[in-house]
$ cat input-v4.cif   # mmCIF, N, CA and C atoms
data_start
loop_
_atom_site.label_atom_id
_atom_site.label_comp_id
_atom_site.auth_asym_id
_atom_site.auth_seq_id
_atom_site.Cartn_x
_atom_site.Cartn_y
_atom_site.Cartn_z
N GLN B 18 -55.32 41.67 9.47
CA GLN B 18 -55.76 40.47 8.76
C GLN B 18 -56.43 40.89 7.46
N ALA B 19 -55.89 40.44 6.33
CA ALA B 19 -56.46 40.80 5.04
C ALA B 19 -57.75 40.05 4.79
N GLN B 20 -58.65 40.70 4.09
CA GLN B 20 -59.87 40.05 3.64
C GLN B 20 -59.94 40.18 2.13
N LEU B 21 -60.25 39.08 1.47
CA LEU B 21 -60.32 39.05 0.01
C LEU B 21 -61.74 38.71 -0.40
N VAL B 22 -62.28 39.50 -1.31
CA VAL B 22 -63.63 39.28 -1.79
C VAL B 22 -63.60 39.09 -3.30
N GLU B 23 -64.07 37.93 -3.75
CA GLU B 23 -64.08 37.62 -5.18
C GLU B 23 -65.47 37.88 -5.77
N SER B 24 -65.48 38.13 -7.06
CA SER B 24 -66.75 38.24 -7.78
C SER B 24 -66.49 37.89 -9.24
N GLY B 25 -67.57 37.60 -9.96
CA GLY B 25 -67.46 37.41 -11.40
C GLY B 25 -67.58 35.99 -11.88
N GLY B 26 -67.69 35.03 -10.98
CA GLY B 26 -67.85 33.65 -11.43
C GLY B 26 -69.21 33.44 -12.06
N GLY B 27 -69.41 32.24 -12.61
CA GLY B 27 -70.69 31.93 -13.21
C GLY B 27 -70.58 30.76 -14.15
N SER B 28 -71.61 30.62 -14.99
CA SER B 28 -71.65 29.51 -15.95
C SER B 28 -71.58 30.06 -17.36
N VAL B 29 -70.83 29.36 -18.19
CA VAL B 29 -70.64 29.80 -19.56
C VAL B 29 -70.42 28.58 -20.45
N GLN B 30 -70.70 28.72 -21.71
CA GLN B 30 -70.44 27.63 -22.64
C GLN B 30 -68.97 27.66 -23.07
N ALA B 31 -68.49 26.52 -23.51
CA ALA B 31 -67.12 26.42 -23.99
C ALA B 31 -66.88 27.45 -25.09
N GLY B 32 -65.72 28.07 -25.01
CA GLY B 32 -65.38 29.12 -25.96
C GLY B 32 -65.74 30.52 -25.47
N GLY B 33 -66.51 30.58 -24.40
CA GLY B 33 -66.93 31.86 -23.86
C GLY B 33 -65.90 32.50 -22.96
N SER B 34 -66.29 33.62 -22.36
CA SER B 34 -65.38 34.40 -21.52
C SER B 34 -66.04 34.75 -20.19
N LEU B 35 -65.22 34.91 -19.19
CA LEU B 35 -65.63 35.43 -17.90
C LEU B 35 -64.51 36.30 -17.36
N ARG B 36 -64.87 37.22 -16.48
CA ARG B 36 -63.87 38.06 -15.82
C ARG B 36 -64.08 37.99 -14.32
N LEU B 37 -63.05 37.57 -13.62
CA LEU B 37 -63.09 37.50 -12.17
C LEU B 37 -62.42 38.74 -11.58
N SER B 38 -62.94 39.19 -10.46
CA SER B 38 -62.35 40.31 -9.73
C SER B 38 -62.10 39.90 -8.29
N CYS B 39 -61.07 40.47 -7.71
CA CYS B 39 -60.77 40.23 -6.30
C CYS B 39 -60.30 41.54 -5.69
N ALA B 40 -60.95 41.92 -4.60
CA ALA B 40 -60.57 43.13 -3.89
C ALA B 40 -60.09 42.76 -2.50
N ALA B 41 -58.91 43.25 -2.12
CA ALA B 41 -58.34 42.97 -0.81
C ALA B 41 -58.47 44.20 0.08
N SER B 42 -58.81 43.96 1.33
CA SER B 42 -58.88 45.04 2.31
C SER B 42 -58.12 44.62 3.56
N GLY B 43 -57.79 45.61 4.40
CA GLY B 43 -57.06 45.32 5.62
C GLY B 43 -55.67 44.81 5.36
N TYR B 44 -55.12 45.20 4.22
CA TYR B 44 -53.82 44.70 3.78
C TYR B 44 -52.87 45.86 3.63
N THR B 45 -51.75 45.80 4.36
CA THR B 45 -50.85 46.96 4.39
C THR B 45 -49.44 46.65 3.94
N TYR B 46 -49.16 45.47 3.44
CA TYR B 46 -47.81 45.11 3.03
C TYR B 46 -47.43 45.86 1.77
N SER B 47 -46.19 46.26 1.69
CA SER B 47 -45.75 47.08 0.56
C SER B 47 -45.62 46.27 -0.72
N SER B 48 -45.38 44.99 -0.62
CA SER B 48 -45.28 44.17 -1.82
C SER B 48 -46.05 42.88 -1.61
N SER B 49 -46.59 42.38 -2.69
CA SER B 49 -47.36 41.15 -2.61
C SER B 49 -47.39 40.46 -3.95
N CYS B 50 -47.68 39.20 -3.89
CA CYS B 50 -47.94 38.39 -5.08
C CYS B 50 -49.41 37.99 -4.96
N MET B 51 -50.22 38.45 -5.88
CA MET B 51 -51.68 38.31 -5.74
C MET B 51 -52.26 37.71 -6.99
N GLY B 52 -53.23 36.85 -6.82
CA GLY B 52 -53.85 36.28 -8.00
C GLY B 52 -54.80 35.16 -7.68
N TRP B 53 -54.77 34.11 -8.52
CA TRP B 53 -55.81 33.10 -8.51
C TRP B 53 -55.27 31.68 -8.50
N PHE B 54 -55.91 30.88 -7.65
CA PHE B 54 -55.78 29.43 -7.66
C PHE B 54 -57.13 28.86 -8.04
N ARG B 55 -57.17 27.58 -8.37
CA ARG B 55 -58.43 26.92 -8.61
C ARG B 55 -58.37 25.48 -8.13
N GLN B 56 -59.55 24.96 -7.81
CA GLN B 56 -59.64 23.57 -7.37
C GLN B 56 -60.86 22.94 -8.01
N ALA B 57 -60.63 21.96 -8.84
CA ALA B 57 -61.70 21.21 -9.46
C ALA B 57 -62.07 20.04 -8.55
N ALA B 58 -63.26 19.54 -8.74
CA ALA B 58 -63.75 18.43 -7.91
C ALA B 58 -62.79 17.25 -8.00
N GLY B 59 -62.36 16.75 -6.83
CA GLY B 59 -61.50 15.59 -6.79
C GLY B 59 -60.05 15.85 -7.12
N LYS B 60 -59.68 17.12 -7.30
CA LYS B 60 -58.29 17.46 -7.65
C LYS B 60 -57.69 18.40 -6.62
N GLU B 61 -56.37 18.49 -6.66
CA GLU B 61 -55.68 19.40 -5.76
C GLU B 61 -55.81 20.84 -6.26
N ARG B 62 -55.67 21.76 -5.34
CA ARG B 62 -55.70 23.17 -5.70
C ARG B 62 -54.42 23.53 -6.46
N GLU B 63 -54.56 24.30 -7.51
CA GLU B 63 -53.42 24.64 -8.35
C GLU B 63 -53.40 26.14 -8.65
N GLY B 64 -52.19 26.66 -8.78
CA GLY B 64 -52.04 28.05 -9.16
C GLY B 64 -52.43 28.25 -10.61
N VAL B 65 -53.14 29.32 -10.88
CA VAL B 65 -53.59 29.64 -12.23
C VAL B 65 -52.84 30.84 -12.78
N ALA B 66 -52.91 31.95 -12.06
CA ALA B 66 -52.25 33.17 -12.51
C ALA B 66 -52.04 34.08 -11.31
N LEU B 67 -50.85 34.61 -11.17
CA LEU B 67 -50.56 35.56 -10.10
C LEU B 67 -49.67 36.66 -10.66
N VAL B 68 -49.74 37.81 -10.00
CA VAL B 68 -49.00 38.97 -10.46
C VAL B 68 -48.35 39.66 -9.28
N GLY B 69 -47.14 40.17 -9.50
CA GLY B 69 -46.42 40.84 -8.44
C GLY B 69 -46.68 42.34 -8.44
N THR B 70 -46.03 43.04 -7.51
CA THR B 70 -46.18 44.48 -7.42
C THR B 70 -44.90 45.21 -7.81
N GLY B 71 -43.96 44.47 -8.36
CA GLY B 71 -42.71 45.10 -8.78
C GLY B 71 -42.88 45.84 -10.09
N VAL B 72 -41.78 46.39 -10.58
CA VAL B 72 -41.80 47.14 -11.84
C VAL B 72 -42.31 46.24 -12.95
N GLY B 73 -43.30 46.73 -13.71
CA GLY B 73 -43.83 45.93 -14.80
C GLY B 73 -44.85 44.90 -14.37
N TYR B 74 -45.08 44.76 -13.05
CA TYR B 74 -46.08 43.83 -12.55
C TYR B 74 -45.93 42.48 -13.24
N ALA B 75 -44.80 41.80 -13.06
CA ALA B 75 -44.56 40.51 -13.68
C ALA B 75 -45.66 39.53 -13.32
N ALA B 76 -46.15 38.81 -14.31
CA ALA B 76 -47.24 37.87 -14.12
C ALA B 76 -46.77 36.46 -14.42
N TYR B 77 -47.40 35.50 -13.75
CA TYR B 77 -47.05 34.10 -13.91
C TYR B 77 -48.32 33.30 -14.15
N TYR B 78 -48.25 32.38 -15.09
CA TYR B 78 -49.41 31.59 -15.48
C TYR B 78 -49.08 30.11 -15.48
N SER B 79 -50.10 29.31 -15.22
CA SER B 79 -49.93 27.87 -15.41
C SER B 79 -49.94 27.58 -16.90
N ASP B 80 -49.34 26.47 -17.28
CA ASP B 80 -49.29 26.10 -18.69
C ASP B 80 -50.68 25.91 -19.27
N SER B 81 -51.60 25.46 -18.45
CA SER B 81 -52.94 25.13 -18.95
C SER B 81 -53.76 26.36 -19.32
N VAL B 82 -53.37 27.54 -18.84
CA VAL B 82 -54.17 28.75 -19.13
C VAL B 82 -53.39 29.80 -19.89
N ARG B 83 -52.09 29.62 -20.02
CA ARG B 83 -51.28 30.65 -20.69
C ARG B 83 -51.77 30.86 -22.12
N GLY B 84 -51.97 32.12 -22.48
CA GLY B 84 -52.47 32.45 -23.80
C GLY B 84 -53.97 32.61 -23.86
N ARG B 85 -54.67 32.14 -22.83
CA ARG B 85 -56.14 32.27 -22.80
C ARG B 85 -56.58 33.19 -21.67
N PHE B 86 -55.85 33.18 -20.57
CA PHE B 86 -56.19 33.99 -19.39
C PHE B 86 -55.20 35.14 -19.28
N THR B 87 -55.70 36.28 -18.79
CA THR B 87 -54.84 37.43 -18.55
C THR B 87 -55.14 37.99 -17.17
N ILE B 88 -54.10 38.15 -16.37
CA ILE B 88 -54.26 38.72 -15.04
C ILE B 88 -53.76 40.15 -15.08
N SER B 89 -54.43 41.02 -14.32
CA SER B 89 -54.01 42.41 -14.26
C SER B 89 -54.30 42.96 -12.87
N ARG B 90 -53.58 44.00 -12.52
CA ARG B 90 -53.76 44.68 -11.24
C ARG B 90 -54.57 45.94 -11.45
N GLY B 91 -55.39 46.28 -10.44
CA GLY B 91 -56.06 47.55 -10.45
C GLY B 91 -55.08 48.66 -10.09
N SER B 92 -55.48 49.88 -10.27
CA SER B 92 -54.59 51.02 -10.02
C SER B 92 -54.16 51.10 -8.57
N GLY B 93 -54.98 50.63 -7.66
CA GLY B 93 -54.66 50.70 -6.25
C GLY B 93 -53.87 49.53 -5.74
N LYS B 94 -53.48 48.59 -6.58
CA LYS B 94 -52.67 47.42 -6.26
C LYS B 94 -53.39 46.37 -5.42
N ASN B 95 -54.47 46.73 -4.77
CA ASN B 95 -55.18 45.77 -3.92
C ASN B 95 -56.33 45.09 -4.64
N THR B 96 -56.39 45.26 -5.95
CA THR B 96 -57.42 44.62 -6.75
C THR B 96 -56.75 43.89 -7.91
N VAL B 97 -57.22 42.68 -8.18
CA VAL B 97 -56.73 41.97 -9.34
C VAL B 97 -57.92 41.46 -10.15
N TYR B 98 -57.67 41.32 -11.44
CA TYR B 98 -58.68 40.84 -12.35
C TYR B 98 -58.12 39.65 -13.12
N LEU B 99 -58.99 38.72 -13.45
CA LEU B 99 -58.60 37.61 -14.30
C LEU B 99 -59.57 37.53 -15.46
N GLN B 100 -59.08 37.90 -16.63
CA GLN B 100 -59.88 37.79 -17.84
C GLN B 100 -59.66 36.41 -18.41
N MET B 101 -60.73 35.65 -18.50
CA MET B 101 -60.65 34.26 -18.97
C MET B 101 -61.36 34.14 -20.31
N ASN B 102 -60.61 33.86 -21.34
CA ASN B 102 -61.15 33.71 -22.68
C ASN B 102 -60.99 32.27 -23.16
N SER B 103 -61.73 31.93 -24.20
CA SER B 103 -61.65 30.59 -24.78
C SER B 103 -61.76 29.52 -23.70
N LEU B 104 -62.75 29.67 -22.85
CA LEU B 104 -62.90 28.75 -21.73
C LEU B 104 -63.22 27.34 -22.21
N LYS B 105 -62.70 26.38 -21.45
CA LYS B 105 -62.88 24.97 -21.75
C LYS B 105 -63.57 24.28 -20.57
N PRO B 106 -64.24 23.17 -20.81
CA PRO B 106 -64.88 22.44 -19.69
C PRO B 106 -63.88 22.11 -18.58
N GLU B 107 -62.64 21.87 -18.93
CA GLU B 107 -61.65 21.54 -17.90
C GLU B 107 -61.24 22.75 -17.05
N ASP B 108 -61.72 23.93 -17.41
CA ASP B 108 -61.51 25.11 -16.55
C ASP B 108 -62.52 25.17 -15.42
N THR B 109 -63.51 24.29 -15.44
CA THR B 109 -64.52 24.26 -14.39
C THR B 109 -63.87 23.98 -13.04
N ALA B 110 -64.09 24.88 -12.08
CA ALA B 110 -63.47 24.76 -10.77
C ALA B 110 -63.97 25.87 -9.87
N MET B 111 -63.65 25.75 -8.59
CA MET B 111 -63.79 26.88 -7.67
C MET B 111 -62.49 27.68 -7.78
N TYR B 112 -62.65 28.96 -8.02
CA TYR B 112 -61.49 29.85 -8.18
C TYR B 112 -61.32 30.67 -6.90
N TYR B 113 -60.11 30.67 -6.37
CA TYR B 113 -59.81 31.35 -5.12
C TYR B 113 -58.82 32.48 -5.36
N CYS B 114 -59.14 33.63 -4.82
CA CYS B 114 -58.17 34.71 -4.80
C CYS B 114 -57.16 34.45 -3.70
N ALA B 115 -55.92 34.83 -3.93
CA ALA B 115 -54.86 34.49 -2.99
C ALA B 115 -53.82 35.60 -2.94
N ILE B 116 -53.23 35.77 -1.76
CA ILE B 116 -52.13 36.73 -1.58
C ILE B 116 -50.98 36.04 -0.87
N MET B 117 -49.79 36.20 -1.44
CA MET B 117 -48.57 35.78 -0.78
C MET B 117 -47.79 37.05 -0.45
N ILE B 118 -47.40 37.21 0.79
CA ILE B 118 -46.65 38.39 1.20
C ILE B 118 -45.27 38.37 0.54
N GLY B 119 -44.89 39.54 -0.02
CA GLY B 119 -43.60 39.63 -0.67
C GLY B 119 -43.71 39.44 -2.17
N THR B 120 -42.60 39.07 -2.80
CA THR B 120 -42.60 38.91 -4.25
C THR B 120 -43.10 37.53 -4.66
N CYS B 121 -43.34 37.38 -5.97
CA CYS B 121 -43.76 36.09 -6.50
C CYS B 121 -42.58 35.13 -6.63
N ARG B 122 -41.36 35.62 -6.37
CA ARG B 122 -40.16 34.79 -6.36
C ARG B 122 -39.85 34.21 -7.73
N GLY B 123 -40.31 34.91 -8.77
CA GLY B 123 -39.96 34.51 -10.13
C GLY B 123 -40.68 33.29 -10.65
N ARG B 124 -41.76 32.90 -10.01
CA ARG B 124 -42.48 31.70 -10.44
C ARG B 124 -43.89 31.73 -9.87
N LEU B 125 -44.70 30.77 -10.31
CA LEU B 125 -46.06 30.62 -9.76
C LEU B 125 -45.95 30.04 -8.35
N PRO B 126 -46.47 30.71 -7.35
CA PRO B 126 -46.36 30.20 -5.98
C PRO B 126 -47.09 28.88 -5.78
N ARG B 127 -46.68 28.15 -4.75
CA ARG B 127 -47.39 26.93 -4.34
C ARG B 127 -48.47 27.31 -3.34
N ASP B 128 -49.46 26.48 -3.20
CA ASP B 128 -50.57 26.86 -2.31
C ASP B 128 -50.12 26.99 -0.87
N TYR B 129 -49.11 26.24 -0.44
CA TYR B 129 -48.67 26.32 0.94
C TYR B 129 -47.90 27.62 1.22
N GLU B 130 -47.57 28.36 0.17
CA GLU B 130 -46.88 29.63 0.34
C GLU B 130 -47.84 30.80 0.48
N ILE B 131 -49.12 30.55 0.28
CA ILE B 131 -50.12 31.62 0.31
C ILE B 131 -50.44 31.99 1.76
N ASN B 132 -50.53 33.30 2.00
CA ASN B 132 -50.83 33.81 3.34
C ASN B 132 -52.32 34.09 3.56
N TYR B 133 -53.01 34.50 2.50
CA TYR B 133 -54.43 34.84 2.63
C TYR B 133 -55.21 34.25 1.45
N TRP B 134 -56.42 33.78 1.77
CA TRP B 134 -57.31 33.21 0.76
C TRP B 134 -58.68 33.88 0.79
N GLY B 135 -59.30 33.97 -0.38
CA GLY B 135 -60.68 34.37 -0.45
C GLY B 135 -61.58 33.16 -0.27
N GLN B 136 -62.89 33.40 -0.30
CA GLN B 136 -63.86 32.32 -0.09
C GLN B 136 -64.07 31.49 -1.35
N GLY B 137 -63.75 32.04 -2.48
CA GLY B 137 -63.90 31.30 -3.73
C GLY B 137 -65.13 31.71 -4.52
N THR B 138 -65.03 31.56 -5.82
CA THR B 138 -66.15 31.80 -6.71
C THR B 138 -66.16 30.69 -7.76
N GLN B 139 -67.33 30.15 -8.02
CA GLN B 139 -67.45 28.98 -8.90
C GLN B 139 -67.48 29.41 -10.37
N VAL B 140 -66.69 28.70 -11.16
CA VAL B 140 -66.71 28.86 -12.62
C VAL B 140 -67.07 27.50 -13.22
N THR B 141 -68.13 27.50 -14.03
CA THR B 141 -68.58 26.27 -14.66
C THR B 141 -68.64 26.48 -16.17
N VAL B 142 -67.95 25.62 -16.90
CA VAL B 142 -67.90 25.72 -18.36
C VAL B 142 -68.53 24.45 -18.94
N SER B 143 -69.58 24.63 -19.70
CA SER B 143 -70.28 23.49 -20.28
C SER B 143 -69.87 23.31 -21.74
N SER B 144 -69.90 22.06 -22.17
CA SER B 144 -69.48 21.76 -23.55
C SER B 144 -70.65 21.85 -24.51
#

$ encode --input "input-v4.cif" --output "structure tokens"
Amino acid sequence: QAQLVESGGGSVQAGGSLRLSCAASGYTYSSSCMGWFRQAAGKEREGVALVGTGVGYAAYYSDSVRGRFTISRGSGKNTVYLQMNSLKPEDTAMYYCAIMIGTCRGRLPRDYEINYWGQGTQVTVSS
């Protein structure tokens, strides 16, 4: 059973930056799609950015964050980072680390496809 531990959330003013980290343990699958979902108050959980373990570590982003957020894998493949720049108040949400076993299937996964979730870390962006 994989365990995911997130860190790096917090409060920031609009235009600022934050970096989220997620470390997975107890995970032995050879390939995975790992990254971040978020859920704002009163809204459904949505995929933000995920990255695969294939050649080139293909990454997938939601339209709302593309160009502002960058996801990357750690050298050990079981760690991912989300660099969030130019943050906006609408980025305020609980951010969840997520793992889907296998490849990302060429697209941003849906939440029902996720096999493991972290506990979440809050990101608050004030205007």

$ closest_residue --input "input-v4.cif" --among "B:Ser143, B:Ser34, B:Gln100, B:Ser48" --to "B:Cys121" --atoms "only C-alpha atoms"
B:Ser48

$ atom_distance --input "input-v4.cif" --atom1 "atom N of B:Gly59" --atom2 "atom C of B:Met111"
11.0 Å

$ resolve_selection --input "input-v4.cif" --expression "the PyMOL selection byres ((chain B and resi 125) around 7)" --output "list in words"
Gly64, Leu67, Tyr77, Tyr78, Ser79, Cys121, Arg122, Gly123, Arg124, Pro126 and Arg127 of chain B

$ atom_distance --input "input-v4.cif" --atom1 "atom CA of B:Arg90" --atom2 "atom C of B:Thr70"
9.5 Å

$ atom_distance --input "input-v4.cif" --atom1 "atom C of B:Gly52" --atom2 "atom C of B:Val142"
20.7 Å

$ residues_around --input "input-v4.cif" --residues "B:Gly25" --least-positions-apart "2" --cutoff "6 Å" --atoms "all atoms listed in the file" --output "PDB file with N, CA and C atoms, in the coordinates of the input"
ATOM      1  N   GLU B  23     -64.070  37.930  -3.750  1.00  0.00           N
ATOM      2  CA  GLU B  23     -64.080  37.620  -5.180  1.00  0.00           C
ATOM      3  C   GLU B  23     -65.470  37.880  -5.770  1.00  0.00           C
ATOM      4  N   GLY B  27     -69.410  32.240 -12.610  1.00  0.00           N
ATOM      5  CA  GLY B  27     -70.690  31.930 -13.210  1.00  0.00           C
ATOM      6  C   GLY B  27     -70.580  30.760 -14.150  1.00  0.00           C
ATOM      7  N   ARG B  36     -64.870  37.220 -16.480  1.00  0.00           N
ATOM      8  CA  ARG B  36     -63.870  38.060 -15.820  1.00  0.00           C
ATOM      9  C   ARG B  36     -64.080  37.990 -14.320  1.00  0.00           C
ATOM     10  N   LEU B  37     -63.050  37.570 -13.620  1.00  0.00           N
ATOM     11  CA  LEU B  37     -63.090  37.500 -12.170  1.00  0.00           C
ATOM     12  C   LEU B  37     -62.420  38.740 -11.580  1.00  0.00           C
ATOM     13  N   SER B  38     -62.940  39.190 -10.460  1.00  0.00           N
ATOM     14  CA  SER B  38     -62.350  40.310  -9.730  1.00  0.00           C
ATOM     15  C   SER B  38     -62.100  39.900  -8.290  1.00  0.00           C
TER      16      SER B  38
END

$ select_by_dssp --input "input-v4.cif" --residues "stretch 85-137 of chain B" --states "strand (DSSP E or B)" --output "ChimeraX atom specification"
/B:86-90,96-101,110-118,133-134

$ resolve_selection --input "input-v4.cif" --expression "the PyMOL selection byres ((chain B and resi 81-86) around 6.5)" --output "VMD selection string"
chain B and resid 78 to 80 87 to 88 99 to 103

$ closest_residue --input "input-v4.cif" --among "B:Val29, B:Cys114, B:Ala57, B:Val22" --to "B:Ser42" --atoms "only N, CA and C atoms"
B:Val22
